[in-house]
Structure formats: structure tokens, C-alpha cells
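Asks: Input file: protein_19.pdb. Contents: PDB, C-alpha atoms and all ligand atoms.
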```
ATOM      1  CA  MET A 546      -7.092 -16.152  17.414  1.00  0.00           C
ATOM      2  CA  THR A 547      -7.581 -14.192  14.205  1.00  0.00           C
ATOM      3  CA  ARG A 548      -5.271 -14.992  11.348  1.00  0.00           C
ATOM      4  CA  PRO A 549      -3.197 -12.186   9.863  1.00  0.00           C
ATOM      5  CA  PRO A 550      -4.354 -11.219   6.376  1.00  0.00           C
ATOM      6  CA  SER A 551      -2.495 -12.864   3.488  1.00  0.00           C
ATOM      7  CA  PRO A 552       0.420 -10.708   2.455  1.00  0.00           C
ATOM      8  CA  ARG A 553       0.084  -8.832  -0.789  1.00  0.00           C
ATOM      9  CA  THR A 554       2.783  -8.258  -3.365  1.00  0.00           C
ATOM     10  CA  LEU A 555       4.906  -5.173  -2.708  1.00  0.00           C
ATOM     11  CA  ALA A 556       7.124  -3.438  -5.246  1.00  0.00           C
ATOM     12  CA  THR A 557      10.159  -1.242  -4.622  1.00  0.00           C
ATOM     13  CA  ARG A 558      12.501   0.493  -7.035  1.00  0.00           C
ATOM     14  CA  ARG A 559      14.547  -2.680  -7.638  1.00  0.00           C
ATOM     15  CA  LEU A 560      12.669  -5.464  -5.902  1.00  0.00           C
ATOM     16  CA  THR A 561       9.421  -7.398  -5.945  1.00  0.00           C
ATOM     17  CA  LEU A 562       8.246  -8.877  -2.657  1.00  0.00           C
ATOM     18  CA  ARG A 563       5.654 -11.527  -3.076  1.00  0.00           C
ATOM     19  CA  PRO A 564       4.105 -14.251  -0.920  1.00  0.00           C
ATOM     20  CA  GLN A 565       6.219 -17.380  -0.819  1.00  0.00           C
ATOM     21  CA  TRP A 566       5.072 -20.198  -3.059  1.00  0.00           C
ATOM     22  CA  GLN A 567       6.161 -23.713  -3.896  1.00  0.00           C
ATOM     23  CA  ALA A 568       8.403 -22.721  -6.834  1.00  0.00           C
ATOM     24  CA  ASP A 569      10.634 -20.903  -4.308  1.00  0.00           C
ATOM     25  CA  ALA A 570      11.745 -24.146  -2.640  1.00  0.00           C
ATOM     26  CA  GLU A 571      15.054 -24.680  -4.442  1.00  0.00           C
ATOM     27  CA  ALA A 572      16.176 -21.077  -4.115  1.00  0.00           C
ATOM     28  CA  LEU A 573      15.290 -21.161  -0.399  1.00  0.00           C
ATOM     29  CA  VAL A 574      17.471 -24.241   0.056  1.00  0.00           C
ATOM     30  CA  ALA A 575      20.337 -22.569  -1.823  1.00  0.00           C
ATOM     31  CA  GLY A 576      20.115 -19.313   0.136  1.00  0.00           C
ATOM     32  CA  LEU A 577      19.250 -20.559   3.609  1.00  0.00           C
ATOM     33  CA  GLY A 578      21.464 -23.634   3.236  1.00  0.00           C
ATOM     34  CA  ASP A 579      24.496 -21.326   3.497  1.00  0.00           C
ATOM     35  CA  PHE A 580      25.798 -21.530   7.077  1.00  0.00           C
ATOM     36  CA  GLU A 581      26.908 -17.869   6.843  1.00  0.00           C
ATOM     37  CA  VAL A 582      23.229 -16.977   6.465  1.00  0.00           C
ATOM     38  CA  ALA A 583      21.673 -19.548   8.841  1.00  0.00           C
ATOM     39  CA  ARG A 584      24.043 -18.830  11.751  1.00  0.00           C
ATOM     40  CA  TRP A 585      22.600 -15.332  12.135  1.00  0.00           C
ATOM     41  CA  LEU A 586      18.973 -16.467  12.040  1.00  0.00           C
ATOM     42  CA  SER A 587      16.872 -17.934  14.814  1.00  0.00           C
ATOM     43  CA  ARG A 588      14.701 -20.654  13.307  1.00  0.00           C
ATOM     44  CA  VAL A 589      16.721 -21.969  10.364  1.00  0.00           C
ATOM     45  CA  PRO A 590      18.352 -25.376  10.924  1.00  0.00           C
ATOM     46  CA  HIS A 591      21.686 -26.304   9.396  1.00  0.00           C
ATOM     47  CA  PRO A 592      21.897 -28.174   7.122  1.00  0.00           C
ATOM     48  CA  TYR A 593      18.724 -26.770   5.551  1.00  0.00           C
ATOM     49  CA  THR A 594      17.074 -29.356   3.321  1.00  0.00           C
ATOM     50  CA  ARG A 595      14.379 -29.464   0.661  1.00  0.00           C
ATOM     51  CA  ALA A 596      12.101 -31.057   3.285  1.00  0.00           C
ATOM     52  CA  ASP A 597      12.654 -28.020   5.542  1.00  0.00           C
ATOM     53  CA  ALA A 598      11.700 -25.645   2.721  1.00  0.00           C
ATOM     54  CA  ASP A 599       8.668 -27.749   1.765  1.00  0.00           C
ATOM     55  CA  ARG A 600       7.459 -27.712   5.384  1.00  0.00           C
ATOM     56  CA  VAL A 601       7.680 -23.919   5.568  1.00  0.00           C
ATOM     57  CA  LEU A 602       5.901 -23.520   2.225  1.00  0.00           C
ATOM     58  CA  ALA A 603       3.125 -25.944   3.217  1.00  0.00           C
ATOM     59  CA  ARG A 604       2.580 -24.006   6.459  1.00  0.00           C
ATOM     60  CA  GLN A 605       2.460 -20.793   4.459  1.00  0.00           C
ATOM     61  CA  ARG A 606      -0.252 -22.257   2.207  1.00  0.00           C
ATOM     62  CA  GLU A 607      -2.360 -23.372   5.175  1.00  0.00           C
ATOM     63  CA  ALA A 608      -2.010 -20.208   7.263  1.00  0.00           C
ATOM     64  CA  PRO A 609      -0.540 -17.365   5.215  1.00  0.00           C
ATOM     65  CA  ALA A 610       1.849 -15.304   7.325  1.00  0.00           C
ATOM     66  CA  ARG A 611       3.207 -11.823   6.671  1.00  0.00           C
ATOM     67  CA  SER A 612       6.241 -13.227   4.939  1.00  0.00           C
ATOM     68  CA  TRP A 613       7.593 -12.547   1.464  1.00  0.00           C
ATOM     69  CA  SER A 614      10.193 -13.825  -0.982  1.00  0.00           C
ATOM     70  CA  ILE A 615      12.390 -11.031  -2.318  1.00  0.00           C
ATOM     71  CA  TYR A 616      12.973 -11.021  -6.070  1.00  0.00           C
ATOM     72  CA  ALA A 617      15.512  -8.952  -8.007  1.00  0.00           C
ATOM     73  CA  GLY A 618      15.525  -9.209 -11.775  1.00  0.00           C
ATOM     74  CA  GLY A 619      13.409 -12.375 -11.646  1.00  0.00           C
ATOM     75  CA  ALA A 620      15.672 -14.252  -9.199  1.00  0.00           C
ATOM     76  CA  LEU A 621      14.878 -14.994  -5.568  1.00  0.00           C
ATOM     77  CA  VAL A 622      17.501 -13.142  -3.518  1.00  0.00           C
ATOM     78  CA  GLY A 623      16.115 -13.426   0.013  1.00  0.00           C
ATOM     79  CA  GLY A 624      13.173 -13.241   2.347  1.00  0.00           C
ATOM     80  CA  VAL A 625      11.529 -10.849   4.759  1.00  0.00           C
ATOM     81  CA  GLY A 626       8.792 -11.332   7.338  1.00  0.00           C
ATOM     82  CA  LEU A 627       6.892  -9.306   9.877  1.00  0.00           C
ATOM     83  CA  GLU A 628       4.924 -11.533  12.207  1.00  0.00           C
ATOM     84  CA  ASP A 629       5.793 -11.059  15.859  1.00  0.00           C
ATOM     85  CA  HIS A 630       8.988  -9.323  14.769  1.00  0.00           C
ATOM     86  CA  LEU A 631      10.840  -8.126  11.669  1.00  0.00           C
ATOM     87  CA  GLY A 632      13.202 -10.723  10.194  1.00  0.00           C
ATOM     88  CA  TYR A 633      15.080 -10.853   6.883  1.00  0.00           C
ATOM     89  CA  TRP A 634      17.856 -12.564   5.010  1.00  0.00           C
ATOM     90  CA  ILE A 635      19.643 -12.043   1.706  1.00  0.00           C
ATOM     91  CA  ALA A 636      21.527 -14.786  -0.175  1.00  0.00           C
ATOM     92  CA  ARG A 637      25.268 -14.220   0.115  1.00  0.00           C
ATOM     93  CA  PRO A 638      25.974 -13.405  -3.578  1.00  0.00           C
ATOM     94  CA  HIS A 639      23.615 -10.429  -3.177  1.00  0.00           C
ATOM     95  CA  TRP A 640      24.928  -8.922   0.067  1.00  0.00           C
ATOM     96  CA  GLY A 641      26.000  -5.294   0.143  1.00  0.00           C
ATOM     97  CA  LEU A 642      23.582  -4.025  -2.492  1.00  0.00           C
ATOM     98  CA  GLY A 643      21.080  -2.441  -0.118  1.00  0.00           C
ATOM     99  CA  TYR A 644      18.461  -5.141  -0.754  1.00  0.00           C
ATOM    100  CA  ALA A 645      17.726  -5.956   2.916  1.00  0.00           C
ATOM    101  CA  THR A 646      17.129  -2.297   3.737  1.00  0.00           C
ATOM    102  CA  GLU A 647      15.016  -1.716   0.632  1.00  0.00           C
ATOM    103  CA  ALA A 648      12.845  -4.804   1.242  1.00  0.00           C
ATOM    104  CA  ALA A 649      12.378  -4.184   4.973  1.00  0.00           C
ATOM    105  CA  ARG A 650      11.519  -0.551   4.283  1.00  0.00           C
ATOM    106  CA  ALA A 651       8.662  -1.616   1.974  1.00  0.00           C
ATOM    107  CA  VAL A 652       7.277  -4.024   4.587  1.00  0.00           C
ATOM    108  CA  LEU A 653       7.498  -1.387   7.328  1.00  0.00           C
ATOM    109  CA  ALA A 654       5.860   1.233   5.110  1.00  0.00           C
ATOM    110  CA  ALA A 655       2.918  -1.141   4.577  1.00  0.00           C
ATOM    111  CA  HIS A 656       2.796  -1.848   8.315  1.00  0.00           C
ATOM    112  CA  PHE A 657       2.816   1.787   9.419  1.00  0.00           C
ATOM    113  CA  ALA A 658       0.317   2.726   6.712  1.00  0.00           C
ATOM    114  CA  GLU A 659      -2.238   0.888   8.861  1.00  0.00           C
ATOM    115  CA  HIS A 660      -3.910   3.128  11.388  1.00  0.00           C
ATOM    116  CA  GLY A 661      -2.854   2.291  14.954  1.00  0.00           C
ATOM    117  CA  ALA A 662      -0.097  -0.110  13.868  1.00  0.00           C
ATOM    118  CA  ASP A 663       1.985  -1.401  16.779  1.00  0.00           C
ATOM    119  CA  ASP A 664       5.657  -0.710  17.305  1.00  0.00           C
ATOM    120  CA  VAL A 665       7.860  -3.271  15.548  1.00  0.00           C
ATOM    121  CA  GLU A 666      10.382  -5.483  17.302  1.00  0.00           C
ATOM    122  CA  SER A 667      13.492  -7.058  15.884  1.00  0.00           C
ATOM    123  CA  SER A 668      16.783  -8.356  17.195  1.00  0.00           C
ATOM    124  CA  TYR A 669      20.197  -9.397  15.984  1.00  0.00           C
ATOM    125  CA  ILE A 670      22.956 -11.707  17.202  1.00  0.00           C
ATOM    126  CA  LEU A 671      26.060  -9.936  18.507  1.00  0.00           C
ATOM    127  CA  GLY A 672      28.656  -9.707  15.754  1.00  0.00           C
ATOM    128  CA  ASN A 673      26.060  -9.266  13.006  1.00  0.00           C
ATOM    129  CA  HIS A 674      27.232  -5.749  12.155  1.00  0.00           C
ATOM    130  CA  ALA A 675      25.442  -5.663   8.803  1.00  0.00           C
ATOM    131  CA  SER A 676      22.084  -6.440  10.393  1.00  0.00           C
ATOM    132  CA  ARG A 677      22.559  -3.896  13.153  1.00  0.00           C
ATOM    133  CA  ARG A 678      23.307  -1.322  10.470  1.00  0.00           C
ATOM    134  CA  VAL A 679      20.175  -2.292   8.502  1.00  0.00           C
ATOM    135  CA  LEU A 680      18.034  -1.860  11.621  1.00  0.00           C
ATOM    136  CA  GLU A 681      19.638   1.494  12.438  1.00  0.00           C
ATOM    137  CA  LYS A 682      19.029   2.765   8.906  1.00  0.00           C
ATOM    138  CA  LEU A 683      15.359   1.835   9.346  1.00  0.00           C
ATOM    139  CA  GLY A 684      15.103   3.806  12.610  1.00  0.00           C
ATOM    140  CA  PHE A 685      15.248   0.969  15.166  1.00  0.00           C
ATOM    141  CA  VAL A 686      16.742   1.717  18.562  1.00  0.00           C
ATOM    142  CA  ASP A 687      18.565  -0.650  20.904  1.00  0.00           C
ATOM    143  CA  VAL A 688      16.437  -1.576  23.912  1.00  0.00           C
ATOM    144  CA  GLY A 689      18.751  -4.021  25.631  1.00  0.00           C
ATOM    145  CA  PRO A 690      20.327  -7.458  25.679  1.00  0.00           C
ATOM    146  CA  LYS A 691      18.462 -10.537  24.514  1.00  0.00           C
ATOM    147  CA  ALA A 692      19.279 -14.249  24.427  1.00  0.00           C
ATOM    148  CA  ILE A 693      18.409 -15.453  20.925  1.00  0.00           C
ATOM    149  CA  PRO A 694      17.879 -19.133  20.109  1.00  0.00           C
ATOM    150  CA  CYS A 695      19.910 -20.159  17.058  1.00  0.00           C
ATOM    151  CA  ARG A 696      18.867 -23.490  15.545  1.00  0.00           C
ATOM    152  CA  ALA A 697      21.860 -23.632  13.190  1.00  0.00           C
ATOM    153  CA  LEU A 698      24.228 -23.440  16.167  1.00  0.00           C
ATOM    154  CA  GLY A 699      21.980 -25.500  18.442  1.00  0.00           C
ATOM    155  CA  HIS A 700      22.008 -23.114  21.384  1.00  0.00           C
ATOM    156  CA  ASP A 701      21.071 -19.623  22.534  1.00  0.00           C
ATOM    157  CA  VAL A 702      23.419 -16.777  21.669  1.00  0.00           C
ATOM    158  CA  ALA A 703      23.784 -13.237  22.957  1.00  0.00           C
ATOM    159  CA  GLY A 704      22.032 -10.561  20.970  1.00  0.00           C
ATOM    160  CA  ARG A 705      20.348  -7.180  21.189  1.00  0.00           C
ATOM    161  CA  ASP A 706      16.665  -6.388  21.245  1.00  0.00           C
ATOM    162  CA  MET A 707      15.670  -3.581  18.857  1.00  0.00           C
ATOM    163  CA  ARG A 708      12.446  -1.611  18.580  1.00  0.00           C
ATOM    164  CA  LEU A 709      10.903   0.757  16.023  1.00  0.00           C
ATOM    165  CA  SER A 710       8.169   3.190  17.016  1.00  0.00           C
ATOM    166  CA  ARG A 711       6.005   5.067  14.537  1.00  0.00           C
ATOM    167  CA  ALA A 712       7.879   8.261  15.486  1.00  0.00           C
ATOM    168  CA  GLY A 713      11.243   6.541  14.872  1.00  0.00           C
ATOM    169  CA  TRP A 714      10.001   5.271  11.517  1.00  0.00           C
ATOM    170  CA  GLN A 715       8.819   8.721  10.469  1.00  0.00           C
ATOM    171  CA  GLN A 716      12.109  10.279  11.497  1.00  0.00           C
ATOM    172  CA  ALA A 717      14.096   7.640   9.559  1.00  0.00           C
ATOM    173  CA  THR A 718      11.995   8.119   6.434  1.00  0.00           C
ATOM    174  CA  ASP A 719      12.302  11.930   6.621  1.00  0.00           C
ATOM    175  CA  ASN A 720      16.119  11.659   6.523  1.00  0.00           C
TER     176      ASN A 720
HETATM  177  C1  LIG A 801      22.224  -8.857   7.318  1.00  0.00           C
HETATM  178  C2  LIG A 801      21.863  -8.950   5.836  1.00  0.00           C
HETATM  179  C3  LIG A 801      20.371  -9.242   5.710  1.00  0.00           C
HETATM  180  C4  LIG A 801      22.199  -7.630   5.159  1.00  0.00           C
HETATM  181  O1  LIG A 801      21.744  -7.667   3.824  1.00  0.00           O
HETATM  182  P1  LIG A 801      22.245  -6.586   2.758  1.00  0.00           P
HETATM  183  O2  LIG A 801      21.276  -6.586   1.646  1.00  0.00           O
HETATM  184  O3  LIG A 801      23.658  -6.818   2.440  1.00  0.00           O
HETATM  185  O4  LIG A 801      22.083  -5.238   3.640  1.00  0.00           O
HETATM  186  P2  LIG A 801      22.125  -3.733   3.090  1.00  0.00           P
HETATM  187  O5  LIG A 801      23.014  -3.702   1.886  1.00  0.00           O
HETATM  188  O6  LIG A 801      20.724  -3.242   2.961  1.00  0.00           O
HETATM  189  O7  LIG A 801      22.787  -2.948   4.307  1.00  0.00           O
HETATM  190  C5  LIG A 801      23.926  -3.468   4.959  1.00  0.00           C
HETATM  191  C6  LIG A 801      24.597  -2.353   5.727  1.00  0.00           C
HETATM  192  O8  LIG A 801      25.528  -2.930   6.635  1.00  0.00           O
HETATM  193  C7  LIG A 801      26.804  -2.397   6.370  1.00  0.00           C
HETATM  194  N1  LIG A 801      27.771  -3.461   6.698  1.00  0.00           N
HETATM  195  C8  LIG A 801      27.989  -4.608   6.039  1.00  0.00           C
HETATM  196  N2  LIG A 801      28.946  -5.310   6.666  1.00  0.00           N
HETATM  197  C9  LIG A 801      29.314  -4.579   7.751  1.00  0.00           C
HETATM  198  C10 LIG A 801      30.273  -4.754   8.783  1.00  0.00           C
HETATM  199  N3  LIG A 801      31.039  -5.862   8.835  1.00  0.00           N
HETATM  200  N4  LIG A 801      30.402  -3.794   9.729  1.00  0.00           N
HETATM  201  C11 LIG A 801      29.621  -2.686   9.702  1.00  0.00           C
HETATM  202  N5  LIG A 801      28.693  -2.453   8.729  1.00  0.00           N
HETATM  203  C12 LIG A 801      28.551  -3.403   7.775  1.00  0.00           C
HETATM  204  C13 LIG A 801      26.785  -2.011   4.922  1.00  0.00           C
HETATM  205  O9  LIG A 801      27.811  -1.093   4.612  1.00  0.00           O
HETATM  206  C14 LIG A 801      25.380  -1.409   4.832  1.00  0.00           C
HETATM  207  O10 LIG A 801      25.331  -0.144   5.447  1.00  0.00           O
HETATM  208  P3  LIG A 801      25.420   1.245   4.579  1.00  0.00           P
HETATM  209  O11 LIG A 801      24.235   1.238   3.650  1.00  0.00           O
HETATM  210  O12 LIG A 801      25.358   2.299   5.610  1.00  0.00           O
HETATM  211  O13 LIG A 801      26.721   1.195   3.833  1.00  0.00           O
HETATM  212  C15 LIG A 801      22.668 -10.091   5.117  1.00  0.00           C
HETATM  213  O14 LIG A 801      24.027  -9.909   5.379  1.00  0.00           O
HETATM  214  C16 LIG A 801      22.236 -11.464   5.594  1.00  0.00           C
HETATM  215  O15 LIG A 801      21.299 -12.048   5.055  1.00  0.00           O
HETATM  216  N6  LIG A 801      22.922 -12.005   6.601  1.00  0.00           N
HETATM  217  C17 LIG A 801      22.574 -13.320   7.154  1.00  0.00           C
HETATM  218  C18 LIG A 801      21.157 -13.370   7.739  1.00  0.00           C
HETATM  219  C19 LIG A 801      20.918 -12.241   8.711  1.00  0.00           C
HETATM  220  O16 LIG A 801      21.819 -11.770   9.386  1.00  0.00           O
HETATM  221  N7  LIG A 801      19.642 -11.804   8.816  1.00  0.00           N
HETATM  222  C20 LIG A 801      19.271 -10.784   9.790  1.00  0.00           C
HETATM  223  C21 LIG A 801      19.086 -11.421  11.124  1.00  0.00           C
HETATM  224  S1  LIG A 801      18.839 -10.220  12.421  1.00  0.00           S
END
```
Show how you would write the structure in this file as C-alpha cells.
Ligand SMILES: CC(C)(COP(=O)(O)OP(=O)(O)OC[C@H]1O[C@@H](n2cnc3c(N)ncnc32)[C@H](O)[C@@H]1OP(=O)(O)O)[C@@H](O)C(=O)NCCC(=O)NCCS

Replies:
Amino acid sequence: MTRPPSPRTLATRRLTLRPQWQADAEALVAGLGDFEVARWLSRVPHPYTRADADRVLARQREAPARSWSIYAGGALVGGVGLEDHLGYWIARPHWGLGYATEAARAVLAAHFAEHGADDVESSYILGNHASRRVLEKLGFVDVGPKAIPCRALGHDVAGRDMRLSRAGWQQATDN
């Protein structure tokens, strides 16, 4: 299997997205350690410890994935990744500022800038109205129900499968 290329740093109007590195560990624990963040994510355990963050960062060093830390004004405010699907989180003090949409848009722009880039999948857990709205703003469409594993809750939960085609992306960026 070929490894995805290491992610490069991306800049938006307000944000810097850069590959995760060890100095991010404490901010990751603070942000992802919040149950109100972890409960909407698939792979984040609760409680989320320094050892959990260190494990993720070590894996990232060994096999860089398309995953970024999101910085605003020098502070880590969240994360975004696009491996098999688009995923993102923003630390609770920074919700409602448009950061998730702005960060995901930069990652998708880089993705669709590649010739022949595949459609992008994402999903959200039912009740996560903010995430559904983010995906809609980006041009994703609902393609049906999906059972989503949630490590923080310890079981699968009902969600929706979402998909973004190149045409959907272009239409969303034209608006
Ligand atoms: C979902 C999440 C990433 C959103 O981050 P954010 O930076 O606040 O998102 P944005 O500001 O870019 O956009 C949020 C949108 O949802 C809307 N929204 C927020 N709460 C809402 C609610 N309860 N009902 C409907 N819409 C809501 C906002 O008004 C905004 O839409 P608008 O621009 O049309 O006004 C953040 O809440 C989070 O990290 N949650 C926990 C982890 C998570 O859910 N990750 C995604 C997993 S699929």
C-alpha cells in the first residue's frame, strides 16, 4: 500500500493548518478531553489522556496522515483530517466562529485541486446539528443512514452518511 504524502501547511484568512507535532499534545488533551467534543467523534476515547495524545502523535510521525492541527492567533483550536473521510473538531471555547467550515474548506480545496480526486465521504451522529450544517455549507449531500462507532460512548450510534462530489464542491464554492 502506498502511503499518502505528508500533509503540507495550509493557510486561510484566519487560520493556519499544519501537520500535528509533539508540542500539540497538551492542547489536544484539553480540546478532545471535553466530553461535549468526544461524544460526537468516532475514535476519541473518554477520558482522553496525555498517553492517548502521545500515541496519536507518534503514529503521525511514523506514517504521516492527511491530518492537521488548526491554529488561530497562535493557539491550537482544533483538528481536521481527510484520510478515508473528512473529520474535524473545534475546542468548545471556539465554537460558532466559522472555524470548522473555514478549515475544512481549505483541506477540500487542496484535495479537489488534485486532478482526478475522488469524492469525499463524511458522516455525523444524529443530533449533531452544527456538524450537519458545516457539511451542508461545504456542499455535502445526505446519502443515507449509517451506524457510527463512538468510542467515548462505548457503542455504535445512529448517524447519516454524507458525500461530496467534485460538482457539489464547485457548486458550493460558487455560492
Ligand atoms: C461541529 C463543530 C466542528 C462545529 O465547529 P464550528 O467551528 O462551531 O462550526 P462553524 O462555525 O464553521 O459552523 C457551524 C454552523 O452550525 C450552525 N449551528 C450551530 N449549532 C447549531 C444547532 N444547534 N442547530 C443548527 N445549526 C447549528 C451554526 O450557526 C453554523 O452555521 P451558519 O454558518 O449557517 O450560521 C464543533 O461544534 C465541534 O467540534 N463539535 C464536536 C466535534 C464534532 O462534532 N465534530 C464533527 C464530527 S462529524

Asks: Throw together the list of residues within 7 Å of ligand LIG 801 (chain A), counting all atoms listed in the file, and drop it here as number ranges by chain.

Replies: A: 581-583, 585-586, 632-637, 639-647, 668-670, 673-676, 678-679

Asks: Once the PyMOL selection byres (((chain A and resi 648) around 12) and not hetatm) is applied to the coordinates I shared, what remains selected? I want it as a PyMOL selection string.

Replies: chain A and resi 554-563+612-617+622-627+631-635+642-647+649-655+679-680+683

Asks: Give as a short mmCIF file (atom, residue, chain, number, x, y, z; two decimals) with C-alpha atoms, in the coordinates of the input the residues that the PyMOL selection byres (((chain A and resi 590-607) around 12) and not hetatm) matches when applied to the coordinates above.

Replies:
```cif
data_model
loop_
_atom_site.label_atom_id
_atom_site.label_comp_id
_atom_site.auth_asym_id
_atom_site.auth_seq_id
_atom_site.Cartn_x
_atom_site.Cartn_y
_atom_site.Cartn_z
CA ARG A 548 -5.27 -14.99 11.35
CA PRO A 549 -3.20 -12.19 9.86
CA PRO A 550 -4.35 -11.22 6.38
CA SER A 551 -2.50 -12.86 3.49
CA PRO A 552 0.42 -10.71 2.46
CA PRO A 564 4.11 -14.25 -0.92
CA GLN A 565 6.22 -17.38 -0.82
CA TRP A 566 5.07 -20.20 -3.06
CA GLN A 567 6.16 -23.71 -3.90
CA ALA A 568 8.40 -22.72 -6.83
CA ASP A 569 10.63 -20.90 -4.31
CA ALA A 570 11.74 -24.15 -2.64
CA GLU A 571 15.05 -24.68 -4.44
CA ALA A 572 16.18 -21.08 -4.12
CA LEU A 573 15.29 -21.16 -0.40
CA VAL A 574 17.47 -24.24 0.06
CA ALA A 575 20.34 -22.57 -1.82
CA GLY A 576 20.11 -19.31 0.14
CA LEU A 577 19.25 -20.56 3.61
CA GLY A 578 21.46 -23.63 3.24
CA ASP A 579 24.50 -21.33 3.50
CA PHE A 580 25.80 -21.53 7.08
CA GLU A 581 26.91 -17.87 6.84
CA VAL A 582 23.23 -16.98 6.46
CA ALA A 583 21.67 -19.55 8.84
CA ARG A 584 24.04 -18.83 11.75
CA TRP A 585 22.60 -15.33 12.14
CA LEU A 586 18.97 -16.47 12.04
CA SER A 587 16.87 -17.93 14.81
CA ARG A 588 14.70 -20.65 13.31
CA VAL A 589 16.72 -21.97 10.36
CA ALA A 608 -2.01 -20.21 7.26
CA PRO A 609 -0.54 -17.36 5.22
CA ALA A 610 1.85 -15.30 7.32
CA ARG A 611 3.21 -11.82 6.67
CA SER A 612 6.24 -13.23 4.94
CA TRP A 613 7.59 -12.55 1.46
CA SER A 614 10.19 -13.82 -0.98
CA GLY A 626 8.79 -11.33 7.34
CA PRO A 694 17.88 -19.13 20.11
CA CYS A 695 19.91 -20.16 17.06
CA ARG A 696 18.87 -23.49 15.54
CA ALA A 697 21.86 -23.63 13.19
CA LEU A 698 24.23 -23.44 16.17
CA GLY A 699 21.98 -25.50 18.44
CA HIS A 700 22.01 -23.11 21.38
#
```

Asks: Please build the interface table for stretch 657-680 of chain A against stretch 711-717 of chain A with a cut-off of 9 Å, listing for each qualifying residue the nearest atom pair and the distance in Å to one decimal; count all atoms listed in the file, order rows by chain and increasing number, and write it as CSV.

Replies:
```
residue,atom,partner,partner_atom,distance
A:Phe657,CA,A:Arg711,CA,6.9
A:Ala662,CA,A:Arg711,CA,8.0
A:Asp663,CA,A:Arg711,CA,7.9
A:Asp664,CA,A:Arg711,CA,6.4
A:Val665,CA,A:Arg711,CA,8.6
```

Asks: Could you tell me how far atom CA of A:Lys682 sits from atom CA of A:Glu628, in Å to one decimal place?

Replies: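 Atom CA of A:Glu628 sits 20.4 Å away from atom CA of A:Lys682.
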
Asks: Using atom CA of A:Val702 and atom CA of A:Pro690 as the two end points, give the distance in Å to one decimal.

Replies: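 About the pair atom CA of A:Val702 and atom CA of A:Pro690: they are 10.6 Å apart.
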
Asks: Suppose you want the space between atom CA of A:Arg553 and atom CA of A:Glu681; what is it in Å?

Replies: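 Calculated distance between atom CA of A:Arg553 and atom CA of A:Glu681 is 25.8 Å.
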